[in-house]
>>> print(open('target-v6.txt').read())   # compact mmCIF, C-alpha atoms and all ligand atoms
# COMPACT_ATOMS: atom_id res chain seq x y z
CA MET A 121 -85.57 85.47 -84.72
CA THR A 122 -83.96 84.15 -81.55
CA THR A 123 -85.14 81.43 -79.20
CA LEU A 124 -85.05 81.36 -75.41
CA LEU A 125 -85.27 78.14 -73.42
CA PHE A 126 -86.25 78.84 -69.83
CA ILE A 127 -86.20 75.99 -67.32
CA GLY A 128 -88.33 75.99 -64.16
CA ASP A 129 -87.00 75.56 -60.62
CA ILE A 130 -84.32 72.86 -60.59
CA VAL A 131 -84.72 70.71 -57.48
CA GLY A 132 -81.70 68.95 -56.03
CA GLU A 133 -79.40 66.33 -57.50
CA PRO A 134 -82.17 64.44 -59.35
CA GLY A 135 -83.27 67.62 -61.14
CA LEU A 136 -79.72 68.67 -61.96
CA ARG A 137 -78.74 65.24 -63.25
CA PHE A 138 -81.87 64.98 -65.39
CA LEU A 139 -81.10 68.40 -66.86
CA GLU A 140 -77.47 67.46 -67.53
CA THR A 141 -78.71 64.38 -69.38
CA ASN A 142 -81.28 66.16 -71.52
CA LEU A 143 -80.23 69.79 -71.95
CA PRO A 144 -77.67 69.40 -74.76
CA GLU A 145 -80.27 67.66 -76.93
CA LEU A 146 -82.96 70.20 -76.02
CA ILE A 147 -80.68 73.08 -77.00
CA GLN A 148 -79.83 71.45 -80.31
CA MET A 149 -83.38 70.31 -81.08
CA HIS A 150 -84.87 73.76 -80.50
CA ASN A 151 -81.94 75.89 -81.72
CA ALA A 152 -81.91 77.71 -78.41
CA ASP A 153 -79.95 80.97 -78.49
CA PHE A 154 -80.50 81.70 -74.79
CA VAL A 155 -80.71 79.19 -71.94
CA ILE A 156 -81.83 80.43 -68.54
CA ALA A 157 -82.93 78.42 -65.49
CA ASN A 158 -84.36 79.09 -62.08
CA ALA A 159 -81.95 77.51 -59.58
CA GLU A 160 -83.27 78.52 -56.15
CA ASN A 161 -83.69 74.84 -55.17
CA LEU A 162 -80.40 73.62 -56.60
CA HIS A 163 -78.64 72.93 -53.28
CA LEU A 164 -77.74 69.25 -53.26
CA GLU A 165 -76.96 68.48 -49.64
CA ASP A 166 -79.17 67.98 -46.61
CA HIS A 167 -79.40 71.18 -44.61
CA PRO A 168 -81.43 72.17 -41.53
CA ASN A 169 -83.63 74.38 -43.71
CA GLY A 170 -83.87 71.74 -46.39
CA PRO A 171 -82.02 71.16 -49.63
CA CYS A 172 -82.62 74.65 -51.01
CA GLY A 173 -80.43 77.45 -52.28
CA MET A 174 -77.37 76.96 -54.47
CA THR A 175 -73.75 75.86 -54.24
CA ALA A 176 -70.85 76.88 -56.44
CA SER A 177 -70.19 73.29 -57.47
CA ALA A 178 -73.82 72.68 -58.48
CA LEU A 179 -73.90 75.96 -60.41
CA ALA A 180 -70.68 74.98 -62.21
CA ARG A 181 -72.38 71.78 -63.42
CA LEU A 182 -75.39 73.79 -64.55
CA PHE A 183 -73.27 76.23 -66.54
CA ALA A 184 -71.25 73.36 -68.03
CA ALA A 185 -74.51 71.78 -69.21
CA GLY A 186 -75.34 74.92 -71.23
CA VAL A 187 -77.21 77.26 -68.89
CA GLN A 188 -76.03 80.85 -69.38
CA LEU A 189 -77.74 82.61 -66.49
CA VAL A 190 -79.73 81.54 -63.42
CA THR A 191 -82.56 83.25 -61.60
CA GLY A 192 -83.66 82.72 -58.02
CA GLY A 193 -86.38 83.41 -55.49
CA ASN A 194 -87.14 83.12 -51.81
CA HIS A 195 -84.54 80.34 -51.42
CA SER A 196 -81.75 82.21 -53.22
CA TRP A 197 -79.79 82.83 -50.04
CA ASP A 198 -80.37 79.48 -48.32
CA GLY A 199 -77.51 77.16 -47.52
CA PRO A 200 -73.92 77.76 -46.44
CA GLU A 201 -72.94 79.39 -49.76
CA GLY A 202 -76.06 81.53 -50.04
CA ALA A 203 -74.18 84.83 -50.03
CA THR A 204 -71.01 83.90 -51.92
CA VAL A 205 -72.73 82.28 -54.92
CA HIS A 206 -74.11 85.72 -55.73
CA ASP A 207 -70.60 87.04 -56.44
CA ASP A 208 -71.02 85.35 -59.83
CA PRO A 209 -72.71 87.81 -62.24
CA ARG A 210 -74.46 84.85 -63.90
CA VAL A 211 -76.49 84.33 -60.70
CA LEU A 212 -79.49 86.63 -60.26
CA ARG A 213 -81.73 87.00 -57.21
CA PRO A 214 -85.00 88.97 -57.09
CA LEU A 215 -84.39 92.62 -57.96
CA ASN A 216 -87.13 93.98 -55.71
CA VAL A 217 -85.43 93.29 -52.38
CA SER A 218 -83.33 95.61 -50.26
CA SER A 219 -80.25 96.81 -52.15
CA SER A 220 -78.12 95.62 -49.22
CA THR A 221 -79.07 92.01 -50.02
CA PRO A 222 -76.22 90.02 -51.64
CA GLY A 223 -76.43 89.74 -55.41
CA ARG A 224 -78.00 91.52 -58.34
CA GLY A 225 -81.47 91.28 -59.83
CA ALA A 226 -80.85 91.98 -63.50
CA GLY A 227 -78.36 90.93 -66.13
CA ILE A 228 -77.78 90.74 -69.87
CA VAL A 229 -77.01 87.63 -71.91
CA SER A 230 -75.99 87.70 -75.57
CA SER A 231 -76.65 85.19 -78.31
CA ARG A 232 -73.92 84.02 -80.66
CA GLY A 233 -75.41 86.40 -83.22
CA GLY A 234 -75.08 89.36 -80.85
CA VAL A 235 -78.72 89.76 -79.76
CA ARG A 236 -78.80 91.09 -76.18
CA LEU A 237 -81.48 89.81 -73.81
CA GLY A 238 -82.08 91.77 -70.63
CA VAL A 239 -83.14 89.45 -67.80
CA VAL A 240 -84.98 90.68 -64.70
CA ASN A 241 -85.78 88.51 -61.68
CA LEU A 242 -88.69 89.72 -59.53
CA ALA A 243 -90.49 88.20 -56.54
CA GLY A 244 -94.06 88.49 -55.34
CA ARG A 245 -95.18 89.11 -51.78
CA SER A 246 -96.47 85.54 -51.56
CA ALA A 247 -92.88 84.31 -51.90
CA ILE A 248 -91.04 87.06 -49.98
CA PRO A 249 -93.37 89.15 -47.79
CA THR A 250 -90.89 92.04 -47.52
CA VAL A 251 -90.38 92.66 -51.24
CA ILE A 252 -90.63 96.12 -52.74
CA ASP A 253 -93.52 96.81 -55.16
CA PRO A 254 -92.35 95.16 -58.42
CA PHE A 255 -94.03 97.72 -60.73
CA PRO A 256 -91.73 100.71 -60.06
CA VAL A 257 -88.72 98.42 -59.69
CA LEU A 258 -89.22 96.94 -63.17
CA GLU A 259 -89.95 100.41 -64.56
CA ALA A 260 -86.65 101.68 -63.13
CA GLN A 261 -84.71 98.78 -64.64
CA LEU A 262 -86.20 99.43 -68.10
CA GLN A 263 -85.16 103.08 -67.73
CA ILE A 264 -81.60 102.03 -66.80
CA TRP A 265 -81.37 99.92 -69.96
CA GLY A 266 -83.04 102.65 -72.04
CA VAL A 267 -85.72 100.26 -73.30
CA GLY A 268 -87.71 101.92 -76.07
CA THR A 269 -84.94 104.35 -77.03
CA ASP A 270 -82.47 104.24 -79.92
CA THR A 271 -79.63 103.69 -77.48
CA SER A 272 -81.16 100.79 -75.54
CA SER A 273 -78.54 98.43 -74.15
CA VAL A 274 -80.82 95.40 -74.66
CA ASP A 275 -82.79 94.10 -77.65
CA ALA A 276 -85.52 92.36 -75.62
CA VAL A 277 -86.48 91.95 -71.98
CA PHE A 278 -87.33 88.70 -70.16
CA VAL A 279 -88.81 88.62 -66.64
CA ASP A 280 -88.91 85.70 -64.19
CA HIS A 281 -91.55 86.61 -61.61
CA HIS A 282 -91.22 84.36 -58.59
CA GLY A 283 -94.44 84.06 -56.60
CA GLU A 284 -97.81 82.40 -56.14
CA SER A 285 -100.24 85.10 -57.25
CA VAL A 286 -101.35 84.52 -60.83
CA PHE A 287 -103.16 87.85 -60.69
CA GLU A 288 -99.97 89.73 -59.82
CA LYS A 289 -98.02 87.98 -62.58
CA VAL A 290 -100.53 88.54 -65.38
CA THR A 291 -101.20 92.12 -64.29
CA LEU A 292 -97.51 92.92 -64.37
CA ALA A 293 -97.21 91.34 -67.82
CA HIS A 294 -100.08 93.49 -69.15
CA ALA A 295 -98.74 96.63 -67.47
CA PHE A 296 -95.48 96.35 -69.41
CA SER A 297 -97.11 95.35 -72.70
CA GLY A 298 -94.95 96.32 -75.67
CA ARG A 299 -91.90 96.97 -73.49
CA ILE A 300 -91.03 93.48 -72.28
CA ALA A 301 -90.98 90.38 -74.47
CA ALA A 302 -91.85 87.79 -71.84
CA LEU A 303 -92.91 87.34 -68.25
CA VAL A 304 -93.00 83.83 -66.84
CA GLY A 305 -93.79 82.63 -63.35
CA THR A 306 -91.76 80.37 -61.07
CA HIS A 307 -92.00 79.28 -57.40
CA THR A 308 -95.08 77.03 -57.26
CA HIS A 309 -93.26 74.24 -59.16
CA VAL A 310 -96.62 73.41 -60.78
CA PRO A 311 -96.65 73.72 -64.59
CA THR A 312 -99.66 75.67 -65.81
CA MET A 313 -101.48 75.38 -69.14
CA ASP A 314 -101.90 79.12 -69.80
CA ALA A 315 -98.81 79.66 -71.96
CA GLY A 316 -99.66 82.21 -74.63
CA LEU A 317 -99.05 85.61 -76.15
CA LEU A 318 -100.57 88.69 -74.53
CA PRO A 319 -101.30 91.89 -76.49
CA GLY A 320 -98.14 93.79 -77.32
CA GLY A 321 -96.13 90.63 -77.95
CA VAL A 322 -95.58 89.49 -74.35
CA ALA A 323 -95.10 85.76 -73.87
CA PHE A 324 -96.70 84.65 -70.63
CA VAL A 325 -97.16 81.57 -68.48
CA SER A 326 -98.12 81.79 -64.84
CA ASP A 327 -95.79 78.96 -63.81
CA VAL A 328 -93.17 77.11 -65.82
CA GLY A 329 -93.10 74.15 -63.42
CA MET A 330 -90.09 72.44 -61.91
CA THR A 331 -87.23 70.22 -62.94
CA GLY A 332 -87.04 67.71 -60.13
CA PRO A 333 -88.46 64.57 -58.54
CA GLY A 334 -92.21 64.03 -58.66
CA GLY A 335 -94.37 62.00 -56.34
CA GLY A 336 -94.16 64.49 -53.51
CA ALA A 337 -94.86 68.13 -52.79
CA GLN A 338 -93.00 70.52 -55.08
CA GLY A 339 -90.16 68.03 -55.43
CA TYR A 340 -89.91 67.27 -51.72
CA ASP A 341 -91.00 64.45 -49.44
CA PRO A 342 -94.48 65.53 -48.31
CA ALA A 343 -93.98 64.17 -44.76
CA SER A 344 -91.98 67.20 -43.67
CA PHE A 345 -94.54 69.62 -45.17
CA VAL A 346 -97.36 67.83 -43.35
CA GLN A 347 -95.49 67.88 -40.06
CA ASN A 348 -94.44 71.54 -40.34
CA LEU A 349 -97.88 72.79 -41.42
CA ARG A 350 -99.82 70.79 -38.84
CA PHE A 351 -97.48 71.55 -35.96
CA PRO A 352 -95.95 74.96 -36.73
CA ASN A 353 -94.78 75.51 -33.15
CA ASP A 354 -92.67 72.34 -33.09
CA ALA A 355 -89.06 72.25 -34.22
CA ARG A 356 -89.01 72.20 -38.02
CA THR A 357 -88.73 68.80 -39.64
CA PRO A 358 -85.94 68.95 -42.26
CA MET A 359 -87.13 68.73 -45.86
CA ARG A 360 -86.01 65.79 -47.95
CA LEU A 361 -86.32 65.29 -51.67
CA ALA A 362 -89.20 63.32 -53.12
CA SER A 363 -88.37 59.94 -54.64
CA GLY A 364 -90.70 59.83 -57.65
CA ALA A 365 -89.93 60.00 -61.36
CA VAL A 366 -88.12 63.18 -62.36
CA GLU A 367 -89.90 65.72 -64.55
CA LEU A 368 -88.65 68.73 -66.46
CA GLY A 369 -90.76 71.87 -66.88
CA ALA A 370 -89.62 74.53 -69.34
CA VAL A 371 -90.87 76.96 -71.96
CA LEU A 372 -89.55 77.87 -75.35
CA ILE A 373 -90.02 81.52 -76.32
CA ARG A 374 -89.45 82.87 -79.84
CA LEU A 375 -88.31 86.50 -79.93
CA GLU A 376 -88.27 88.97 -82.79
CA GLY A 377 -87.80 92.74 -82.77
CA GLY A 378 -88.02 93.04 -78.99
CA LYS A 379 -91.31 91.14 -78.80
CA ALA A 380 -92.34 87.52 -78.44
CA VAL A 381 -93.85 85.79 -81.46
CA GLY A 382 -94.41 82.41 -79.82
CA ILE A 383 -94.30 80.44 -76.60
CA GLU A 384 -94.73 76.73 -76.05
CA ARG A 385 -94.31 74.37 -73.13
CA VAL A 386 -91.47 71.86 -73.07
CA ASN A 387 -92.19 68.98 -70.70
CA LEU A 388 -90.08 65.87 -70.19
CA GLN A 389 -90.66 62.90 -67.92
CA GLN A 390 -88.05 60.52 -66.59
CA SER A 391 -89.35 57.70 -68.77
CA ALA A 392 -87.97 59.60 -71.75
CA VAL A 393 -84.36 58.98 -70.71
CA GLN A 394 -82.39 55.84 -71.37
CA PRO A 395 -82.99 52.86 -69.03
CA SER A 396 -79.53 53.02 -67.42
CA ALA A 397 -80.18 56.61 -66.37
CA ILE A 398 -83.57 55.66 -64.94
CA LEU A 399 -82.01 52.93 -62.80
CA GLU A 400 -79.26 55.23 -61.66
CA LEU A 401 -81.67 57.97 -60.66
CA THR A 402 -84.15 55.82 -58.80
CA ARG A 403 -82.03 53.28 -56.95
FE FE B 501 -88.64 76.83 -56.13
FE FE B 502 -89.62 79.80 -54.38
>>> encode(input="target-v6.txt", output="structure tokens", more="lines below")
Ligand SMILES: [Fe+2]
Ligand SMILES: [Fe+2]
Amino acid sequence: MTTLLFIGDIVGEPGLRFLETNLPELIQMHNADFVIANAENLHLEDHPNGPCGMTASALARLFAAGVQLVTGGNHSWDGPEGATVHDDPRVLRPLNVSSSTPGRGAGIVSSRGGVRLGVVNLAGRSAIPTVIDPFPVLEAQLQIWGVGTDTSSVDAVFVDHHGESVFEKVTLAHAFSGRIAALVGTHTHVPTMDAGLLPGGVAFVSDVGMTGPGGGAQGYDPASFVQNLRFPNDARTPMRLASGAVELGAVLIRLEGGKAVGIERVNLQQSAVQPSAILELTR
């Protein structure tokens, strides 16, 4: 049996620092063989479009903390390094976008014991209106890997579906029953309580949640959201990070024989870290 720790959307410096503080212990405590995180909101600097996207330096810290592979979403290409960060094969973006888009949508990570996990990043229309239908795109990727054949290049398949529609996520998970081991949702940043096993050994949760500052809207200061939604024709108000206590949203998925045999939520709150870290994060 192998164990996958998947971490929901990391938001800005507070989310990254909280993960750096807690990830080594989480990996050890849960014997995690695979560590994957959604990093579409990892960008640490203020930017006209908000602190979204990724930078090479932030990704380097994430990989140093123990993350093996990152997934993305609608913000994957935001920020000044939005194209170049995708030169790194450890950085995935949704697979079901135009093939001319920088980056790749699928990758393989291996455990120390040699188990190969195929990872697919998909997006829903609610996150990226122009995406290609995810059903045939996922089917094609399983064919490329030879899933279900004796010569398959992966031992199990994990899918991060980035979008708002619970219906689309759970339907996709059922449609690939017995062929994928897990499908989890990202993008809303709201952790849901529906983590469980679907028929055919598919671990599912409609949203993993985020790893970032609470007290706002999806990790951000709500003032900019209010302004931009109420007055959509005005110049956009830049997004800023929220200033509340940091939370971590993740799931732990147990894999065996190409299927999932368990899934559980892993939630941390800032109060769980040592006092010096709390002061440092909130000053
Ligand atoms: Fe996000
Ligand atoms: Fe998103």
>>> residues_around(input="target-v6.txt", residues="stretch 361-369 of chain A", least_positions_apart="6", cutoff="6 Å", atoms="only C-alpha atoms", output="PyMOL selection string")
chain A and resi 128+328-336+339-341+387-390
>>> atom_distance(input="target-v6.txt", atom1="atom CA of A:Gly305", atom2="atom CA of A:Gly283")
6.9 Å
>>> residues_near_ligand(input="target-v6.txt", ligand="ligand FE 502 (chain B)", cutoff="9 Å", atoms="all atoms listed in the file", output="CSV table (one decimal) with C-alpha atoms, in the coordinates of the input")
chain,number,residue,atom,x,y,z
A,129,ASP,CA,-87.0,75.6,-60.6
A,160,GLU,CA,-83.3,78.5,-56.2
A,161,ASN,CA,-83.7,74.8,-55.2
A,192,GLY,CA,-83.7,82.7,-58.0
A,193,GLY,CA,-86.4,83.4,-55.5
A,194,ASN,CA,-87.1,83.1,-51.8
A,195,HIS,CA,-84.5,80.3,-51.4
A,196,SER,CA,-81.8,82.2,-53.2
A,243,ALA,CA,-90.5,88.2,-56.5
A,247,ALA,CA,-92.9,84.3,-51.9
A,248,ILE,CA,-91.0,87.1,-50.0
A,282,HIS,CA,-91.2,84.4,-58.6
A,283,GLY,CA,-94.4,84.1,-56.6
A,284,GLU,CA,-97.8,82.4,-56.1
A,306,THR,CA,-91.8,80.4,-61.1
A,307,HIS,CA,-92.0,79.3,-57.4
A,308,THR,CA,-95.1,77.0,-57.3
A,309,HIS,CA,-93.3,74.2,-59.2
>>> closest_residue(input="target-v6.txt", among="A:Asp207, A:Glu201, A:Glu140, A:Glu145", to="A:Ser177", atoms="all atoms listed in the file")
A:Glu201
>>> closest_residue(input="target-v6.txt", among="A:Val310, A:Val277, A:Leu136, A:Ala180", to="ligand FE 501 (chain B)", atoms="only C-alpha atoms and all ligand atoms")
A:Val310
>>> axis_aligned_box(input="target-v6.txt", around="stretch 341-344 of chain A", padding_each_side="8 Å", output="lines of an AutoDock Vina configuration file")
center_x = -92.7
center_y = 65.7
center_z = -46.6
size_x = 19.5
size_y = 19.0
size_z = 21.8
>>> atom_distance(input="target-v6.txt", atom1="atom CA of A:Phe287", atom2="atom CA of A:Gly227")
25.6 Å
>>> residues_around(input="target-v6.txt", residues="A:Leu242", least_positions_apart="2", cutoff="7 Å", atoms="only C-alpha atoms", output="number ranges by chain")
A: 214-216, 240, 244, 254, 280-282
>>> closest_residue(input="target-v6.txt", among="A:Asp153, A:Asp354, A:Asp198, A:Glu384", to="ligand FE 501 (chain B)", atoms="only C-alpha atoms and all ligand atoms")
A:Asp198
>>> closest_residue(input="target-v6.txt", among="A:Ala203, A:Ala337, A:Leu372, A:Ile147", to="ligand FE 501 (chain B)", atoms="only C-alpha atoms and all ligand atoms")
A:Ala337
>>> decode(input="target-v6.txt", residues="stretch 160-241 of chain A", atoms="C-alpha atoms", output="PDB file, in the first residue's frame")
ATOM      1  CA  GLU A 160      -1.952  28.103  -8.733  1.00  0.00           C
ATOM      2  CA  ASN A 161      -2.079  30.811  -6.027  1.00  0.00           C
ATOM      3  CA  LEU A 162       1.535  30.519  -4.933  1.00  0.00           C
ATOM      4  CA  HIS A 163       2.747  33.852  -6.334  1.00  0.00           C
ATOM      5  CA  LEU A 164       4.076  35.864  -3.408  1.00  0.00           C
ATOM      6  CA  GLU A 165       4.288  39.410  -4.708  1.00  0.00           C
ATOM      7  CA  ASP A 166       1.658  42.048  -5.354  1.00  0.00           C
ATOM      8  CA  HIS A 167       0.685  42.067  -9.010  1.00  0.00           C
ATOM      9  CA  PRO A 168      -1.958  43.996 -10.975  1.00  0.00           C
ATOM     10  CA  ASN A 169      -3.993  40.793 -11.335  1.00  0.00           C
ATOM     11  CA  GLY A 170      -3.436  39.867  -7.724  1.00  0.00           C
ATOM     12  CA  PRO A 171      -0.983  37.576  -5.993  1.00  0.00           C
ATOM     13  CA  CYS A 172      -1.753  34.541  -8.136  1.00  0.00           C
ATOM     14  CA  GLY A 173       0.269  32.196 -10.308  1.00  0.00           C
ATOM     15  CA  MET A 174       3.707  30.866  -9.403  1.00  0.00           C
ATOM     16  CA  THR A 175       7.337  31.955  -9.296  1.00  0.00           C
ATOM     17  CA  ALA A 176      10.433  29.813  -9.636  1.00  0.00           C
ATOM     18  CA  SER A 177      11.694  30.860  -6.207  1.00  0.00           C
ATOM     19  CA  ALA A 178       8.406  29.995  -4.482  1.00  0.00           C
ATOM     20  CA  LEU A 179       8.266  26.648  -6.286  1.00  0.00           C
ATOM     21  CA  ALA A 180      11.850  25.912  -5.194  1.00  0.00           C
ATOM     22  CA  ARG A 181      10.795  26.386  -1.554  1.00  0.00           C
ATOM     23  CA  LEU A 182       7.812  24.114  -2.112  1.00  0.00           C
ATOM     24  CA  PHE A 183       9.936  21.349  -3.600  1.00  0.00           C
ATOM     25  CA  ALA A 184      12.519  21.753  -0.829  1.00  0.00           C
ATOM     26  CA  ALA A 185       9.737  21.281   1.731  1.00  0.00           C
ATOM     27  CA  GLY A 186       8.901  17.859   0.240  1.00  0.00           C
ATOM     28  CA  VAL A 187       6.370  18.460  -2.539  1.00  0.00           C
ATOM     29  CA  GLN A 188       7.178  16.284  -5.564  1.00  0.00           C
ATOM     30  CA  LEU A 189       4.776  17.677  -8.150  1.00  0.00           C
ATOM     31  CA  VAL A 190       2.424  20.667  -8.378  1.00  0.00           C
ATOM     32  CA  THR A 191      -0.873  21.076 -10.179  1.00  0.00           C
ATOM     33  CA  GLY A 192      -2.514  24.300 -11.291  1.00  0.00           C
ATOM     34  CA  GLY A 193      -5.698  25.852 -12.592  1.00  0.00           C
ATOM     35  CA  ASN A 194      -7.057  29.063 -14.032  1.00  0.00           C
ATOM     36  CA  HIS A 195      -4.243  31.067 -12.376  1.00  0.00           C
ATOM     37  CA  SER A 196      -1.430  28.815 -13.604  1.00  0.00           C
ATOM     38  CA  TRP A 197      -0.148  31.374 -16.091  1.00  0.00           C
ATOM     39  CA  ASP A 198      -0.618  34.521 -14.000  1.00  0.00           C
ATOM     40  CA  GLY A 199       2.319  36.660 -12.988  1.00  0.00           C
ATOM     41  CA  PRO A 200       5.566  37.586 -14.740  1.00  0.00           C
ATOM     42  CA  GLU A 201       6.908  34.007 -14.656  1.00  0.00           C
ATOM     43  CA  GLY A 202       3.645  32.377 -15.724  1.00  0.00           C
ATOM     44  CA  ALA A 203       5.082  30.845 -18.885  1.00  0.00           C
ATOM     45  CA  THR A 204       8.624  30.002 -17.777  1.00  0.00           C
ATOM     46  CA  VAL A 205       7.673  28.140 -14.588  1.00  0.00           C
ATOM     47  CA  HIS A 206       6.051  25.543 -16.831  1.00  0.00           C
ATOM     48  CA  ASP A 207       9.437  24.569 -18.276  1.00  0.00           C
ATOM     49  CA  ASP A 208       9.832  22.523 -15.083  1.00  0.00           C
ATOM     50  CA  PRO A 209       8.311  19.049 -15.643  1.00  0.00           C
ATOM     51  CA  ARG A 210       7.257  19.018 -11.975  1.00  0.00           C
ATOM     52  CA  VAL A 211       4.771  21.821 -12.725  1.00  0.00           C
ATOM     53  CA  LEU A 212       1.482  20.737 -14.296  1.00  0.00           C
ATOM     54  CA  ARG A 213      -1.292  22.939 -15.685  1.00  0.00           C
ATOM     55  CA  PRO A 214      -4.744  21.728 -16.779  1.00  0.00           C
ATOM     56  CA  LEU A 215      -4.439  19.153 -19.550  1.00  0.00           C
ATOM     57  CA  ASN A 216      -7.677  20.109 -21.286  1.00  0.00           C
ATOM     58  CA  VAL A 217      -6.525  23.457 -22.683  1.00  0.00           C
ATOM     59  CA  SER A 218      -5.129  24.236 -26.108  1.00  0.00           C
ATOM     60  CA  SER A 219      -1.933  22.283 -26.786  1.00  0.00           C
ATOM     61  CA  SER A 220      -0.223  25.583 -27.653  1.00  0.00           C
ATOM     62  CA  THR A 221      -0.569  26.689 -24.013  1.00  0.00           C
ATOM     63  CA  PRO A 222       2.741  26.601 -22.086  1.00  0.00           C
ATOM     64  CA  GLY A 223       3.237  23.524 -19.935  1.00  0.00           C
ATOM     65  CA  ARG A 224       1.999  19.971 -19.678  1.00  0.00           C
ATOM     66  CA  GLY A 225      -1.099  18.515 -18.061  1.00  0.00           C
ATOM     67  CA  ALA A 226       0.076  15.086 -16.959  1.00  0.00           C
ATOM     68  CA  GLY A 227       3.103  13.614 -15.245  1.00  0.00           C
ATOM     69  CA  ILE A 228       4.347  10.589 -13.347  1.00  0.00           C
ATOM     70  CA  VAL A 229       5.836  10.529  -9.853  1.00  0.00           C
ATOM     71  CA  SER A 230       7.472   7.474  -8.295  1.00  0.00           C
ATOM     72  CA  SER A 231       7.614   6.388  -4.687  1.00  0.00           C
ATOM     73  CA  ARG A 232      10.844   5.238  -3.066  1.00  0.00           C
ATOM     74  CA  GLY A 233       9.546   1.700  -3.523  1.00  0.00           C
ATOM     75  CA  GLY A 234       9.094   2.211  -7.264  1.00  0.00           C
ATOM     76  CA  VAL A 235       5.299   2.604  -7.431  1.00  0.00           C
ATOM     77  CA  ARG A 236       4.419   4.944 -10.316  1.00  0.00           C
ATOM     78  CA  LEU A 237       1.545   7.388  -9.881  1.00  0.00           C
ATOM     79  CA  GLY A 238       0.153   9.024 -13.008  1.00  0.00           C
ATOM     80  CA  VAL A 239      -1.099  12.540 -12.238  1.00  0.00           C
ATOM     81  CA  VAL A 240      -3.593  14.373 -14.456  1.00  0.00           C
ATOM     82  CA  ASN A 241      -4.645  18.000 -13.959  1.00  0.00           C
TER      83      ASN A 241
END
